[in-house]
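This is query.tsv. It holds TSV, C-alpha atoms and all ligand atoms.
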chain	number	residue	atom	x	y	z
A	19	MET	CA	27.83	97.23	-31.35
A	20	LEU	CA	28.10	93.57	-32.21
A	21	THR	CA	24.68	91.91	-32.35
A	22	PRO	CA	23.68	88.35	-33.18
A	23	ARG	CA	20.96	87.51	-35.71
A	24	THR	CA	17.63	89.03	-34.61
A	25	PRO	CA	15.99	85.66	-33.70
A	26	ILE	CA	18.92	84.87	-31.40
A	27	ALA	CA	18.78	88.27	-29.67
A	28	LYS	CA	15.07	87.72	-29.00
A	29	LEU	CA	15.44	84.25	-27.45
A	30	ILE	CA	14.35	83.75	-23.85
A	31	PRO	CA	17.14	82.10	-21.78
A	32	TYR	CA	16.38	78.52	-20.69
A	33	HIS	CA	17.02	79.17	-16.98
A	34	SER	CA	16.08	82.24	-15.06
A	35	PRO	CA	19.41	83.44	-13.65
A	36	ILE	CA	17.84	84.56	-10.35
A	37	VAL	CA	16.53	81.14	-9.37
A	38	SER	CA	18.76	79.36	-6.86
A	39	ARG	CA	19.46	75.66	-7.53
A	40	GLU	CA	19.70	74.80	-3.84
A	41	GLY	CA	17.34	72.04	-2.72
A	42	LEU	CA	16.05	68.65	-3.83
A	43	SER	CA	15.99	68.92	-7.60
A	44	LEU	CA	12.55	67.81	-8.74
A	45	ASP	CA	12.33	70.46	-11.44
A	46	LEU	CA	14.49	69.10	-14.26
A	47	ASN	CA	13.34	65.48	-14.63
A	48	GLU	CA	16.72	64.09	-13.64
A	49	SER	CA	17.14	60.61	-12.14
A	50	MET	CA	16.87	60.95	-8.39
A	51	ALA	CA	18.10	57.34	-8.07
A	52	GLY	CA	21.48	58.37	-9.46
A	53	CYS	CA	23.13	56.06	-11.96
A	54	SER	CA	24.26	52.43	-12.09
A	55	PRO	CA	27.09	51.56	-9.66
A	56	ARG	CA	28.75	49.91	-12.65
A	57	VAL	CA	28.97	53.31	-14.33
A	58	LEU	CA	30.57	54.79	-11.21
A	59	ALA	CA	33.11	51.94	-11.12
A	60	ARG	CA	33.97	52.59	-14.79
A	61	LEU	CA	34.41	56.30	-14.03
A	62	ARG	CA	36.85	55.45	-11.25
A	63	SER	CA	38.87	53.27	-13.62
A	64	LEU	CA	39.44	55.95	-16.26
A	65	THR	CA	43.03	56.41	-17.41
A	66	ALA	CA	44.91	59.43	-18.73
A	67	ALA	CA	44.39	58.16	-22.28
A	68	ASP	CA	40.64	58.17	-21.71
A	69	VAL	CA	40.74	61.91	-21.28
A	70	SER	CA	43.76	63.06	-23.29
A	71	LEU	CA	42.65	61.65	-26.64
A	72	TYR	CA	39.81	62.85	-28.82
A	73	PRO	CA	36.76	60.65	-28.31
A	74	GLN	CA	35.77	58.04	-30.91
A	75	ARG	CA	32.02	57.67	-31.26
A	76	GLU	CA	31.94	54.63	-33.54
A	77	ALA	CA	32.29	51.85	-30.95
A	78	GLY	CA	29.54	53.44	-28.86
A	79	GLU	CA	27.29	53.68	-31.91
A	80	ARG	CA	27.78	49.97	-32.58
A	81	LEU	CA	26.85	49.15	-28.97
A	82	VAL	CA	23.70	51.25	-29.10
A	83	ALA	CA	22.74	49.95	-32.54
A	84	ASP	CA	23.03	46.34	-31.32
A	85	PHE	CA	21.08	47.19	-28.19
A	86	LEU	CA	18.27	48.81	-30.19
A	87	GLY	CA	18.31	46.17	-32.95
A	88	VAL	CA	19.10	48.59	-35.79
A	89	SER	CA	22.15	48.90	-38.02
A	90	ARG	CA	25.12	51.04	-37.04
A	91	ASP	CA	24.62	53.51	-39.89
A	92	GLN	CA	21.15	54.28	-38.53
A	93	VAL	CA	22.53	55.60	-35.23
A	94	LEU	CA	24.09	58.93	-34.33
A	95	LEU	CA	25.27	59.50	-30.76
A	96	THR	CA	24.77	63.10	-29.70
A	97	ASN	CA	25.67	65.44	-26.87
A	98	GLY	CA	22.39	64.79	-25.09
A	99	MET	CA	19.20	64.65	-27.08
A	100	ASP	CA	19.30	68.43	-27.10
A	101	GLU	CA	22.09	68.22	-29.68
A	102	ALA	CA	20.05	65.76	-31.76
A	103	LEU	CA	17.27	68.37	-31.81
A	104	PHE	CA	19.74	71.10	-32.74
A	105	LEU	CA	21.02	69.02	-35.66
A	106	MET	CA	17.54	68.22	-36.92
A	107	PHE	CA	16.34	71.82	-36.78
A	108	ASN	CA	19.45	72.91	-38.65
A	109	ALA	CA	19.43	70.12	-41.21
A	110	TYR	CA	15.79	70.24	-42.28
A	111	LEU	CA	14.64	73.84	-41.80
A	112	ASP	CA	15.80	76.50	-44.23
A	113	PRO	CA	16.17	79.92	-42.58
A	114	SER	CA	17.20	81.58	-45.87
A	115	GLY	CA	13.56	81.75	-46.93
A	116	LEU	CA	14.40	80.23	-50.34
A	117	ASP	CA	12.67	77.03	-49.40
A	118	LYS	CA	9.72	77.99	-47.18
A	119	SER	CA	10.04	75.86	-44.06
A	120	GLU	CA	7.66	75.24	-41.25
A	121	VAL	CA	8.22	73.30	-38.05
A	122	LEU	CA	5.07	71.72	-36.65
A	123	PHE	CA	4.55	70.79	-33.02
A	124	ALA	CA	1.77	70.67	-30.46
A	125	ASP	CA	1.42	72.91	-27.41
A	126	PRO	CA	2.24	72.28	-24.64
A	127	THR	CA	5.44	70.37	-25.29
A	128	PHE	CA	9.19	70.35	-24.68
A	129	VAL	CA	10.36	73.95	-24.67
A	130	MET	CA	13.40	73.33	-26.89
A	131	TYR	CA	11.18	72.83	-29.95
A	132	SER	CA	10.04	76.44	-29.84
A	133	THR	CA	13.47	77.74	-28.78
A	134	LEU	CA	15.21	76.05	-31.71
A	135	GLY	CA	12.37	76.97	-34.06
A	136	TYR	CA	12.71	80.65	-33.14
A	137	ALA	CA	16.51	80.42	-33.37
A	138	THR	CA	16.39	79.12	-36.93
A	139	GLY	CA	14.02	81.95	-37.84
A	140	VAL	CA	11.53	79.73	-39.71
A	141	ASP	CA	7.75	79.65	-39.29
A	142	LEU	CA	6.52	77.89	-36.17
A	143	VAL	CA	3.20	76.09	-36.61
A	144	ARG	CA	2.00	75.48	-33.06
A	145	VAL	CA	-1.14	73.46	-32.61
A	146	SER	CA	-2.87	73.77	-29.23
A	147	ALA	CA	-3.96	70.69	-27.38
A	148	GLY	CA	-7.50	70.64	-26.03
A	149	GLU	CA	-8.53	70.75	-22.38
A	150	ASP	CA	-7.18	67.23	-21.70
A	151	LEU	CA	-3.76	68.29	-23.10
A	152	SER	CA	-3.49	65.10	-25.19
A	153	LEU	CA	-1.81	65.22	-28.61
A	154	PRO	CA	-4.22	67.05	-30.97
A	155	VAL	CA	-3.84	64.47	-33.71
A	156	GLU	CA	-6.53	65.68	-36.13
A	157	LYS	CA	-5.41	69.30	-35.80
A	158	MET	CA	-1.80	68.31	-36.44
A	159	LEU	CA	-2.81	66.38	-39.53
A	160	ALA	CA	-4.78	69.39	-40.72
A	161	HIS	CA	-1.76	71.66	-40.28
A	162	ILE	CA	0.63	69.58	-42.38
A	163	SER	CA	1.38	71.61	-45.52
A	164	PRO	CA	3.82	71.35	-48.44
A	165	SER	CA	6.10	73.65	-46.39
A	166	THR	CA	6.21	71.36	-43.36
A	167	ARG	CA	9.86	70.30	-43.08
A	168	LEU	CA	9.99	69.08	-39.49
A	169	ILE	CA	7.43	67.64	-37.08
A	170	ALA	CA	8.52	67.20	-33.47
A	171	ILE	CA	6.52	65.13	-30.99
A	172	ALA	CA	7.67	64.15	-27.50
A	173	ASN	CA	6.15	60.82	-26.54
A	174	PRO	CA	5.54	60.66	-23.62
A	175	ASN	CA	5.19	64.40	-23.72
A	176	ASN	CA	6.92	66.88	-21.43
A	177	PRO	CA	5.45	68.62	-19.37
A	178	THR	CA	2.21	66.58	-19.44
A	179	GLY	CA	3.58	63.03	-19.16
A	180	LEU	CA	0.84	61.92	-21.58
A	181	ALA	CA	1.56	59.37	-24.29
A	182	ALA	CA	-0.12	59.27	-27.69
A	183	CYS	CA	-1.12	55.96	-29.23
A	184	HIS	CA	1.08	54.27	-31.79
A	185	SER	CA	-1.44	54.40	-34.63
A	186	ASP	CA	-1.97	58.16	-34.20
A	187	LEU	CA	1.77	58.80	-34.29
A	188	LEU	CA	2.08	56.64	-37.39
A	189	ARG	CA	-0.73	58.56	-39.11
A	190	ILE	CA	1.13	61.84	-38.56
A	191	VAL	CA	4.51	60.46	-39.65
A	192	THR	CA	3.12	58.92	-42.84
A	193	ALA	CA	0.98	61.97	-43.68
A	194	ALA	CA	4.11	64.07	-44.19
A	195	PRO	CA	6.58	62.01	-46.22
A	196	ASN	CA	8.52	65.14	-47.28
A	197	SER	CA	9.00	66.26	-43.70
A	198	ALA	CA	11.36	64.89	-41.08
A	199	ALA	CA	9.25	63.47	-38.25
A	200	LEU	CA	10.96	63.22	-34.89
A	201	ILE	CA	9.43	61.13	-32.14
A	202	ASP	CA	11.31	62.22	-29.06
A	203	GLU	CA	11.32	59.20	-26.73
A	204	ALA	CA	13.30	60.76	-23.86
A	205	TYR	CA	11.02	58.99	-21.36
A	206	PHE	CA	10.63	55.74	-23.33
A	207	GLU	CA	11.77	53.41	-20.54
A	208	PHE	CA	8.97	54.60	-18.23
A	209	CYS	CA	6.31	54.04	-20.87
A	210	GLY	CA	7.61	51.11	-22.94
A	211	GLU	CA	6.09	52.18	-26.26
A	212	THR	CA	8.34	53.00	-29.19
A	213	MET	CA	8.20	53.89	-32.86
A	214	LEU	CA	11.54	52.20	-33.60
A	215	GLY	CA	9.72	49.31	-35.30
A	216	GLU	CA	8.32	51.70	-37.93
A	217	LEU	CA	11.71	52.89	-39.20
A	218	ALA	CA	11.82	50.34	-42.00
A	219	GLN	CA	8.55	51.58	-43.51
A	220	CYS	CA	8.97	55.31	-42.73
A	221	PRO	CA	12.11	56.83	-44.30
A	222	ASN	CA	11.24	60.25	-42.81
A	223	LEU	CA	10.97	58.96	-39.22
A	224	PHE	CA	13.56	59.69	-36.52
A	225	VAL	CA	13.48	58.35	-32.98
A	226	GLY	CA	15.36	60.17	-30.22
A	227	ARG	CA	16.51	58.62	-26.96
A	228	THR	CA	18.57	59.87	-24.04
A	229	PHE	CA	20.73	58.52	-21.24
A	230	SER	CA	19.78	61.52	-19.09
A	231	LYS	CA	16.60	60.10	-17.61
A	232	VAL	CA	16.27	56.48	-16.48
A	233	TYR	CA	20.02	55.82	-16.87
A	234	GLY	CA	20.85	58.80	-14.66
A	235	LEU	CA	23.63	60.19	-16.88
A	236	ALA	CA	22.31	63.73	-17.46
A	237	GLY	CA	25.66	65.20	-16.41
A	238	LEU	CA	27.57	63.18	-19.00
A	239	ARG	CA	25.42	64.46	-21.89
A	240	ILE	CA	24.69	61.56	-24.18
A	241	GLY	CA	21.72	61.01	-26.43
A	242	VAL	CA	20.86	58.94	-29.48
A	243	LEU	CA	19.21	59.69	-32.78
A	244	VAL	CA	18.01	56.79	-34.92
A	245	GLY	CA	16.70	57.14	-38.45
A	246	ALA	CA	17.09	55.99	-42.03
A	247	ALA	CA	20.78	55.47	-42.82
A	248	GLU	CA	20.81	58.04	-45.64
A	249	GLN	CA	19.30	60.73	-43.39
A	250	ILE	CA	21.62	59.95	-40.47
A	251	GLU	CA	24.51	60.31	-42.91
A	252	PHE	CA	23.41	63.92	-43.66
A	253	LEU	CA	23.24	64.68	-39.95
A	254	ARG	CA	26.69	63.13	-39.42
A	255	ARG	CA	28.06	65.67	-41.93
A	256	LEU	CA	26.59	68.56	-39.93
A	257	CYS	CA	27.60	67.18	-36.52
A	258	VAL	CA	30.93	68.31	-35.06
A	259	PRO	CA	33.40	65.40	-35.12
A	260	PHE	CA	33.93	64.99	-31.36
A	261	ASN	CA	30.48	65.86	-30.03
A	262	VAL	CA	30.23	63.15	-27.37
A	263	ASN	CA	32.96	63.21	-24.74
A	264	SER	CA	35.19	60.23	-23.95
A	265	VAL	CA	33.93	59.90	-20.36
A	266	ALA	CA	30.35	59.47	-21.55
A	267	LEU	CA	31.48	57.00	-24.20
A	268	ALA	CA	33.49	55.01	-21.66
A	269	CYS	CA	30.43	54.68	-19.41
A	270	LEU	CA	27.98	53.76	-22.15
A	271	GLU	CA	28.66	50.03	-22.16
A	272	GLU	CA	28.24	49.69	-18.39
A	273	ALA	CA	25.05	51.73	-18.48
A	274	LEU	CA	23.57	49.55	-21.24
A	275	ASN	CA	24.69	46.33	-19.59
A	276	ASP	CA	23.05	47.18	-16.28
A	277	GLN	CA	19.44	46.74	-17.35
A	278	GLU	CA	18.67	45.55	-13.83
A	279	PHE	CA	19.36	49.11	-12.63
A	280	VAL	CA	17.00	50.42	-15.31
A	281	ARG	CA	14.25	47.98	-14.29
A	282	GLN	CA	14.60	48.86	-10.61
A	283	ASN	CA	14.61	52.58	-11.36
A	284	VAL	CA	11.46	52.26	-13.49
A	285	SER	CA	9.59	50.22	-10.93
A	286	ALA	CA	10.54	52.47	-7.98
A	287	MET	CA	9.57	55.50	-10.04
A	288	GLU	CA	6.18	53.99	-10.95
A	289	GLU	CA	5.47	53.32	-7.30
A	290	GLY	CA	6.52	56.86	-6.39
A	291	ARG	CA	4.43	58.33	-9.19
A	292	HIS	CA	1.29	56.51	-8.03
A	293	ALA	CA	1.86	57.68	-4.46
A	294	LEU	CA	2.33	61.25	-5.68
A	295	GLU	CA	-0.84	61.08	-7.79
A	296	HIS	CA	-2.64	59.75	-4.71
A	297	VAL	CA	-1.57	62.83	-2.72
A	298	PHE	CA	-2.86	65.09	-5.50
A	299	GLU	CA	-6.13	63.15	-5.52
A	300	GLU	CA	-6.53	63.56	-1.75
A	301	LEU	CA	-5.91	67.28	-2.08
A	302	GLY	CA	-8.55	67.50	-4.83
A	303	LEU	CA	-6.01	68.78	-7.37
A	304	GLN	CA	-6.32	68.14	-11.10
A	305	PHE	CA	-3.37	66.19	-12.51
A	306	TRP	CA	-2.64	64.45	-15.79
A	307	PRO	CA	-2.10	60.66	-15.75
A	308	SER	CA	1.60	60.44	-16.49
A	309	ARG	CA	3.50	57.73	-18.37
A	310	ALA	CA	6.82	59.42	-17.56
A	311	SER	CA	8.97	60.21	-14.50
A	312	PHE	CA	7.06	63.33	-13.46
A	313	VAL	CA	3.52	64.55	-12.93
A	314	LEU	CA	1.85	67.76	-14.10
A	315	VAL	CA	-0.57	69.14	-11.55
A	316	LYS	CA	-2.78	72.21	-11.38
A	317	VAL	CA	-2.14	73.97	-8.08
A	318	GLY	CA	-3.62	77.38	-8.87
A	319	ARG	CA	-1.05	79.96	-7.85
A	320	ALA	CA	1.88	78.13	-9.43
A	321	SER	CA	4.60	80.67	-8.71
A	322	ASP	CA	3.61	80.95	-5.01
A	323	PHE	CA	3.54	77.15	-4.79
A	324	VAL	CA	7.04	76.90	-6.29
A	325	THR	CA	8.31	79.50	-3.82
A	326	SER	CA	6.66	77.73	-0.90
A	327	MET	CA	8.20	74.40	-1.97
A	328	ARG	CA	11.61	76.03	-2.40
A	329	GLN	CA	11.36	77.37	1.17
A	330	ARG	CA	10.88	73.72	2.17
A	331	GLY	CA	14.02	72.71	0.28
A	332	ILE	CA	12.31	71.25	-2.79
A	333	LEU	CA	12.56	72.56	-6.35
A	334	VAL	CA	9.62	71.97	-8.68
A	335	ARG	CA	8.94	73.45	-12.10
A	336	ASP	CA	6.46	76.27	-12.73
A	337	THR	CA	4.93	75.34	-16.09
A	338	SER	CA	2.23	77.99	-16.07
A	339	SER	CA	3.82	79.79	-19.03
A	340	HIS	CA	3.22	76.75	-21.25
A	341	PRO	CA	0.08	77.14	-23.37
A	342	GLY	CA	-2.81	75.33	-21.68
A	343	CYS	CA	-0.89	74.90	-18.40
A	344	GLY	CA	-2.02	77.97	-16.46
A	345	GLY	CA	-1.62	77.38	-12.71
A	346	CYS	CA	0.32	74.15	-13.27
A	347	VAL	CA	3.60	72.82	-11.92
A	348	ARG	CA	5.59	69.75	-12.91
A	349	VAL	CA	7.01	67.55	-10.17
A	350	THR	CA	9.72	64.96	-10.90
A	351	VAL	CA	9.30	61.71	-8.97
A	352	GLY	CA	12.13	61.17	-6.49
A	353	THR	CA	13.21	58.13	-4.49
A	354	PRO	CA	10.79	56.66	-1.88
A	355	SER	CA	12.65	58.29	1.03
A	356	GLN	CA	12.75	61.68	-0.72
A	357	MET	CA	9.05	61.45	-1.59
A	358	LYS	CA	7.97	61.14	2.05
A	359	ARG	CA	9.29	64.66	2.61
A	360	VAL	CA	7.90	65.84	-0.71
A	361	HIS	CA	4.36	64.72	0.16
A	362	ILE	CA	4.48	66.61	3.45
A	363	ALA	CA	5.87	69.71	1.72
A	364	ILE	CA	3.17	69.58	-0.98
A	365	ARG	CA	0.39	69.41	1.62
A	366	GLU	CA	1.91	72.34	3.54
A	367	ALA	CA	2.53	74.42	0.42
A	368	ILE	CA	-1.04	73.89	-0.85
A	369	ALA	CA	-2.42	74.87	2.57
A	370	GLU	CA	-0.18	77.95	2.57
A	371	ILE	CA	-1.12	79.23	-0.88
A	372	HIS	CA	-4.83	78.72	-0.24
A	373	ARG	CA	-4.77	80.29	3.22
B	401	LIG	C1	11.11	65.54	-24.17
B	401	LIG	C2	12.56	65.79	-23.96
B	401	LIG	N1	13.40	65.70	-25.00
B	401	LIG	C3	14.71	65.91	-24.86
B	401	LIG	C4	15.26	66.25	-23.64
B	401	LIG	C5	16.72	66.55	-23.57
B	401	LIG	O1	17.42	65.48	-23.06
B	401	LIG	P1	19.00	65.48	-22.96
B	401	LIG	O2	19.35	65.61	-21.52
B	401	LIG	O3	19.40	64.16	-23.54
B	401	LIG	O4	19.53	66.62	-23.77
B	401	LIG	C6	14.43	66.37	-22.52
B	401	LIG	C7	14.98	66.77	-21.22
B	401	LIG	O5	14.33	67.09	-20.28
B	401	LIG	C8	13.05	66.14	-22.69
B	401	LIG	O6	12.19	66.28	-21.67
Before anything else, please render the file you have as C-alpha cells.
Amino acid sequence: MLTPRTPIAKLIPYHSPIVSREGLSLDLNESMAGCSPRVLARLRSLTAADVSLYPQREAGERLVADFLGVSRDQVLLTNGMDEALFLMFNAYLDPSGLDKSEVLFADPTFVMYSTLGYATGVDLVRVSAGEDLSLPVEKMLAHISPSTRLIAIANPNNPTGLAACHSDLLRIVTAAPNSAALIDEAYFEFCGETMLGELAQCPNLFVGRTFSKVYGLAGLRIGVLVGAAEQIEFLRRLCVPFNVNSVALACLEEALNDQEFVRQNVSAMEEGRHALEHVFEELGLQFWPSRASFVLVKVGRASDFVTSMRQRGILVRDTSSHPGCGGCVRVTVGTPSQMKRVHIAIREAIAEIHR
C-alpha cells in the first residue's frame, strides 16, 4: 500500500470532518464585517484576461512594499500567511538529520507551527507559557541552542490574543542570529505594534502579515512575508511561481487603498471586544485581555459550551486541547448587530452547561 512519510501519516487534520459549518462563524477569526466595497467593485470588473492568464506577483509586491515602507526585494506575497509558514519551515529546517534542526515556539500558539514542525520531521522545542499564558520570554531564551533554526512567535498570539512587548521580542530575535525568527503579525492592525522597524538591524528577522483578518479577504488567500532581501530571495526560489491567484492580486490595490475600511473595522471590533469582555466579566468567567479580533475565555466544559452555542446558531472554537487552555474557548468578535445575539447565546449556554 502507498503510504506517505511517517510524520505526514501521523498528522492530525486541521478540521474535524464531523463538525458542521452552519451558523455564525465566530470560530475561525475571519472578518465578520466582510471586505471593502472597493474590493467587491474590483471583483465585479474582472475581465477574461484577469482569469485566463497566469498571475504576476511583482506589481502586487511593489504595492505592498511601498505600503509597508520596505524595498520590493524584501517582500514575498504568499497564498495566505499559511504558505509563508510552509516556506519558512521548509527553507530553514533540515529533515534529513544531517544538520540537526529545532523549531522553537511557545505553547499555546497558532496550531500550524506544530503541524508544520511535525510534518518536516524535525525536533519541536515547545516552551509552555505560565498561568497568565503570556510569552515565556526567559524560558524561550533559555531554550535557544546551536540547533535552533526557526523561532515562530505570533504577536498578538492566537488563541490568547496577548501581545508581547517589543523589547522582549527583540531580545529573542537577536539572541539567535543563526536562526530564522518569524514574528507572525496576522492581527497587527488590531494591536498596532510591529517589528518591521527592526528588519534593518536583524538579518534573521521575518515579519508575516495577512489580508485574511482586518481586510476581510480570507477567501482570496493572500499573505505577505517581509525579511532581509537575501533571505526572501531564497524563499522565492522555493515558492511555486504562481502561488497567489490573479483575483487576489487584482483586489490588492483596492484593499490597501481603502484604509478607511480598515480603521472602521478595527474600531468596531474594539468596541465589540470590550462589550464581549464585559459579558464575560459579568458572568464571572476568566478571560485573557486580547489585543486581537477574538477573546479566549475559560468556560469550564468547553465542548458542551461549543455544542450549546452551535445549537443557538453560533460557531465558536474549542481550544481546550491547546496546552494551558483546558476548559477554554475562543470567540471571534462579530459586528455589533451579530454580537447582541452572541451575548444572549453566551449567557444561555453558560447557564445550560452549569445547570
Ligand atoms: C497567528 C496566525 N498566523 C497565520 C494565520 C494564517 O493566516 P492566512 O489566512 O493568511 O493563511 C492565522 C489564521 O488564523 C493566524 O491566526
Neighbourhood of ligand LIG 401 (chain B) at 8 Å, counting all atoms listed in the file, reported as a PyMOL selection string: chain A and resi 46-48+97-101+103+127-128+130+172-177+202-205+226-231+236+239-241
Nearest candidate to Asn261 of chain A (options A:Arg309, A:Arg75, A:Arg39, A:Arg60; using all atoms listed in the file): A:Arg75
Find the axis-aligned box for segment 303-306 of chain A, covering all its listed atoms and adding 8 Å on each side, and write its centre and edge lengths in Å to one decimal as lines of an AutoDock Vina configuration file.
center_x = -4.5
center_y = 66.6
center_z = -11.6
size_x = 19.7
size_y = 20.3
size_z = 24.4
So, with only C-alpha atoms as the atoms that count, which of A:Ile332, A:Val313, A:Gly139, A:Pro55 lies closest to Gln356 of chain A?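 Of A:Ile332, A:Val313, A:Gly139, A:Pro55, the one nearest Gln356 of chain A, counting only C-alpha atoms, is A:Ile332.
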Best match for closeness to Pro221 of chain A among A:Pro31, A:Pro22, A:Gly237, A:Gly245, counting all atoms listed in the file: A:Gly245
Please, which residues are within 8 Å of (24.6, 66.1, -37.3) by the file's coordinates, counting all atoms listed in the file, and could they come as a compact mmCIF listing (two decimals) with C-alpha atoms, in the frame of the given file?
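Here's the written file out_37.txt:
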# COMPACT_ATOMS: atom_id res chain seq x y z
CA LEU A 94 24.09 58.93 -34.33
CA ALA A 102 20.05 65.76 -31.76
CA LEU A 105 21.02 69.02 -35.66
CA MET A 106 17.54 68.22 -36.92
CA ALA A 109 19.43 70.12 -41.21
CA ILE A 250 21.62 59.95 -40.47
CA PHE A 252 23.41 63.92 -43.66
CA LEU A 253 23.24 64.68 -39.95
CA ARG A 254 26.69 63.13 -39.42
CA ARG A 255 28.06 65.67 -41.93
CA LEU A 256 26.59 68.56 -39.93
CA CYS A 257 27.60 67.18 -36.52
CA VAL A 258 30.93 68.31 -35.06
Record the distance separating atom CA of Leu314 of chain A and atom CA of Val347 of chain A, expressed in Å with one decimal.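 For atom CA of Leu314 of chain A relative to atom CA of Val347 of chain A, the distance reads 5.8 Å.
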re atom CA of Pro195 of chain A and atom CA of Cys220 of chain A: distance 7.9 Å
For segment 282-288 of chain A, find every residue with an atom within 9 Å (counting all atoms listed in the file), except residues of its own chain fewer than 5 positions away, and show them as a PDB file with C-alpha atoms, in the frame of the given file.
ATOM      1  CA  SER A  49      17.140  60.610 -12.140  1.00  0.00           C
ATOM      2  CA  ALA A  51      18.100  57.340  -8.070  1.00  0.00           C
ATOM      3  CA  GLU A 207      11.770  53.410 -20.540  1.00  0.00           C
ATOM      4  CA  PHE A 208       8.970  54.600 -18.230  1.00  0.00           C
ATOM      5  CA  VAL A 232      16.270  56.480 -16.480  1.00  0.00           C
ATOM      6  CA  TYR A 233      20.020  55.820 -16.870  1.00  0.00           C
ATOM      7  CA  GLN A 277      19.440  46.740 -17.350  1.00  0.00           C
ATOM      8  CA  ALA A 293       1.860  57.680  -4.460  1.00  0.00           C
ATOM      9  CA  ARG A 309       3.500  57.730 -18.370  1.00  0.00           C
ATOM     10  CA  ALA A 310       6.820  59.420 -17.560  1.00  0.00           C
ATOM     11  CA  SER A 311       8.970  60.210 -14.500  1.00  0.00           C
ATOM     12  CA  PHE A 312       7.060  63.330 -13.460  1.00  0.00           C
ATOM     13  CA  VAL A 351       9.300  61.710  -8.970  1.00  0.00           C
ATOM     14  CA  GLY A 352      12.130  61.170  -6.490  1.00  0.00           C
ATOM     15  CA  THR A 353      13.210  58.130  -4.490  1.00  0.00           C
ATOM     16  CA  PRO A 354      10.790  56.660  -1.880  1.00  0.00           C
TER      17      PRO A 354
END
If we count only C-alpha atoms, what is near Leu301 of chain A at a cut-off of 10 Å, once residues fewer than 3 positions away on the same chain are taken out, given as a list in words?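 These residues fall inside the cut-off: Glu295, His296, Val297, Phe298, Gln304, Val317, Ile364, Arg365, Ile368 and Ala369 of chain A.
Proximity of A:Arg330, A:Arg167, A:Arg80, A:Arg281 to Gly210 of chain A, computed with all atoms listed in the file, is greatest for A:Arg281.
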Neighbourhood query: residues within 9 Å of (24.4, 55.3, -10.8), file coordinates, counting all atoms listed in the file; return as a PyMOL selection string. chain A and resi 51-58+233-235+273+279
Kindly export the residues of the current selection with C-alpha atoms, as a short mmCIF file (atom, residue, chain, number, x, y, z; two decimals), in the coordinates of the input.
data_model
loop_
_atom_site.label_atom_id
_atom_site.label_comp_id
_atom_site.auth_asym_id
_atom_site.auth_seq_id
_atom_site.Cartn_x
_atom_site.Cartn_y
_atom_site.Cartn_z
CA ALA A 51 18.10 57.34 -8.07
CA GLY A 52 21.48 58.37 -9.46
CA CYS A 53 23.13 56.06 -11.96
CA SER A 54 24.26 52.43 -12.09
CA PRO A 55 27.09 51.56 -9.66
CA ARG A 56 28.75 49.91 -12.65
CA VAL A 57 28.97 53.31 -14.33
CA LEU A 58 30.57 54.79 -11.21
CA TYR A 233 20.02 55.82 -16.87
CA GLY A 234 20.85 58.80 -14.66
CA LEU A 235 23.63 60.19 -16.88
CA ALA A 273 25.05 51.73 -18.48
CA PHE A 279 19.36 49.11 -12.63
#
Go through A:Trp306, A:Phe107, A:Phe224, A:Tyr32 and flag the residue nearest Val129 of chain A, using all atoms listed in the file for the distances. A:Tyr32
For atom CA of Glu366 of chain A and atom CA of Ser326 of chain A, determine how far apart the two atoms are, in Å to one decimal place.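 If I compute the distance from atom CA of Glu366 of chain A to atom CA of Ser326 of chain A, I get 8.4 Å.
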Excluding same-chain residues fewer than 5 positions from Lys316 of chain A, what lies within 8 Å of it counting all atoms listed in the file, as a ChimeraX atom specification? /A:303-305,343-347
